[in-house]
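> Pasting a structure below so you can have a look.
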Amino acid sequence: MGNIQWSRIKNSIKLYCKNAFAEQNIAILETDINDAIDIFYNLLSKKIPYAMLNGLGRTVLPALQESCCDNPGSLSSFLVIKAQVDSIMKILLITTGKKTYAEVTGKGTKQLFVWTGIVPSYTM
């Protein structure tokens with residue numbers, strides 16, 4: 001995927017995560033952060049049998065490269081990543097067996113967040 005420097009991206013994400021957890025006084029092991037980042041990368045790289053969800057890494061990884069390494073704070077790279085949040089959650093739900101492609105098709109961000117368990121349904 002071009003000039004993607006995944007180790008630099010991963011280190012930046014890890015630093016952002018460690019800072020965010022520390023600001024909220026949340027204890028988390030560095031190995032857990034590393035594992036989560038690796039899962040995220042595998043999710044982006046995974047071949048999905050649904051054309052609308054396949055190849056997510058082709059857009060997200062270059063945006064992460066720009067945002068984490070080449071031009072931190074770039075609005076354009078943030079917007080690319082933001083636009084792909086629904087697709088990331090759909091792939092997560094499908095690959096974990098929580099939902100089928102038919103179930104996630106046409107669903108919005110709010111419902112996808114509830115289904116992933118990232119945000120409990122009673123808070124939305």
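Letters A, B, ... go to the chains of the structure tokens in the order shown; residues in each chain start at 1; ligands are counted from 1 in the same order.
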For A:Ser45, find every residue with an atom within 8 Å (counting only C-alpha atoms), except residues of its own chain fewer than 3 positions away, and show them as a PyMOL selection string.

chain A and resi 41-42+55-57

> Please dump the current selection as a PDB file, in the first residue's frame; keep C-alpha atoms.


```pdb
ATOM      1  CA  TYR A  41      -4.838  -3.159  11.279  1.00  0.00           C
ATOM      2  CA  ASN A  42      -5.993  -6.707  10.549  1.00  0.00           C
ATOM      3  CA  GLY A  55     -10.522  -2.592   0.560  1.00  0.00           C
ATOM      4  CA  LEU A  56     -11.043  -0.265   3.486  1.00  0.00           C
ATOM      5  CA  GLY A  57      -7.304  -0.117   4.087  1.00  0.00           C
TER       6      GLY A  57
END
```

> From the DSSP assignment of the backbone, select every residue of stretch 59-109 of chain A that is alpha helix (DSSP H), and format the answer as an MDAnalysis selection string.

chainID A and resid 59:65 75:83 85:95 101:104 109

> Mind checking which residues fall within 9 Å of stretch 94-106 of chain A, counting only C-alpha atoms, ignoring those fewer than 5 positions away in the same chain, and posting them as a list in words?

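Contacts, in chain order: Leu43, Ile48, Tyr50, Met89, Gln111, Leu112, Trp115 and Thr116 of chain A.
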
> Would you put the residues from that selection into a file with N, CA and C atoms, as a PDB file, in the first residue's frame?


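Generated file (selection-v8.pdb):
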```pdb
ATOM      1  N   LEU A  43      -8.209  -5.746  10.683  1.00  0.00           N
ATOM      2  CA  LEU A  43      -9.553  -5.437  10.206  1.00  0.00           C
ATOM      3  C   LEU A  43      -9.488  -4.621   8.910  1.00  0.00           C
ATOM      4  N   ILE A  48     -12.988  -8.781   2.510  1.00  0.00           N
ATOM      5  CA  ILE A  48     -14.400  -8.944   2.842  1.00  0.00           C
ATOM      6  C   ILE A  48     -15.142  -9.304   1.554  1.00  0.00           C
ATOM      7  N   TYR A  50     -17.873  -8.519   0.491  1.00  0.00           N
ATOM      8  CA  TYR A  50     -18.899  -7.541   0.140  1.00  0.00           C
ATOM      9  C   TYR A  50     -18.210  -6.314  -0.449  1.00  0.00           C
ATOM     10  N   MET A  89     -17.056  -0.262  11.592  1.00  0.00           N
ATOM     11  CA  MET A  89     -17.942  -0.937  12.545  1.00  0.00           C
ATOM     12  C   MET A  89     -18.719  -2.075  11.881  1.00  0.00           C
ATOM     13  N   GLN A 111     -26.892   3.210  15.560  1.00  0.00           N
ATOM     14  CA  GLN A 111     -27.220   1.793  15.750  1.00  0.00           C
ATOM     15  C   GLN A 111     -25.965   0.922  15.712  1.00  0.00           C
ATOM     16  N   LEU A 112     -25.034   1.236  14.837  1.00  0.00           N
ATOM     17  CA  LEU A 112     -23.801   0.452  14.749  1.00  0.00           C
ATOM     18  C   LEU A 112     -22.998   0.547  16.037  1.00  0.00           C
ATOM     19  N   TRP A 115     -24.674  -1.710  18.589  1.00  0.00           N
ATOM     20  CA  TRP A 115     -24.423  -3.121  18.320  1.00  0.00           C
ATOM     21  C   TRP A 115     -22.993  -3.545  18.632  1.00  0.00           C
ATOM     22  N   THR A 116     -22.017  -2.672  18.405  1.00  0.00           N
ATOM     23  CA  THR A 116     -20.644  -3.048  18.692  1.00  0.00           C
ATOM     24  C   THR A 116     -20.376  -3.106  20.189  1.00  0.00           C
TER      25      THR A 116
END
```

> Give me, please, the distance in Å between atom CA of A:Leu61 and atom CA of A:Ala22, quoted to one decimal.

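About the pair atom CA of A:Leu61 and atom CA of A:Ala22: they are 26.0 Å apart.
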
> Can you tell me which residues surround stretch 32-36 of chain A at a distance of at most 9 Å, considering only C-alpha atoms, apart from same-chain residues fewer than 2 positions away, and format the answer as a PyMOL selection string?

chain A and resi 10+14+17-18+28-30+38-41

> Quick one: everything within 9 Å of A:Ile81, counting only C-alpha atoms, minus sequence neighbours fewer than 2 positions away in the same chain. Send it as a ChimeraX atom specification.

/A:59-61,63-64,76-79,83-85

> Only C-alpha atoms, please: the residues just picked out, written as a short mmCIF file (atom, residue, chain, number, x, y, z; two decimals), in the first residue's frame.


```
data_model
loop_
_atom_site.label_atom_id
_atom_site.label_comp_id
_atom_site.auth_asym_id
_atom_site.auth_seq_id
_atom_site.Cartn_x
_atom_site.Cartn_y
_atom_site.Cartn_z
CA THR A 59 -8.43 4.72 2.02
CA VAL A 60 -7.89 4.55 5.77
CA LEU A 61 -4.18 3.62 5.86
CA ALA A 63 -5.20 8.88 5.82
CA LEU A 64 -3.59 7.45 8.96
CA SER A 76 -8.56 16.15 5.05
CA SER A 77 -7.13 12.94 6.54
CA PHE A 78 -9.44 13.26 9.56
CA LEU A 79 -12.45 13.56 7.25
CA ALA A 83 -16.20 8.92 6.68
CA GLN A 84 -15.09 5.29 7.13
CA VAL A 85 -16.22 4.80 10.76
#
```

> Using only C-alpha atoms, which residue out of A:Gln65, A:Ser87, A:Asn25, A:Asn71 lies closest to A:Ile4?

A:Gln65

> From the list A:Asn19, A:Gln24, A:Gln5, A:Asn54, which residue is nearest A:Ser67 when using only C-alpha atoms?

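The closest residue to A:Ser67 is A:Gln5.
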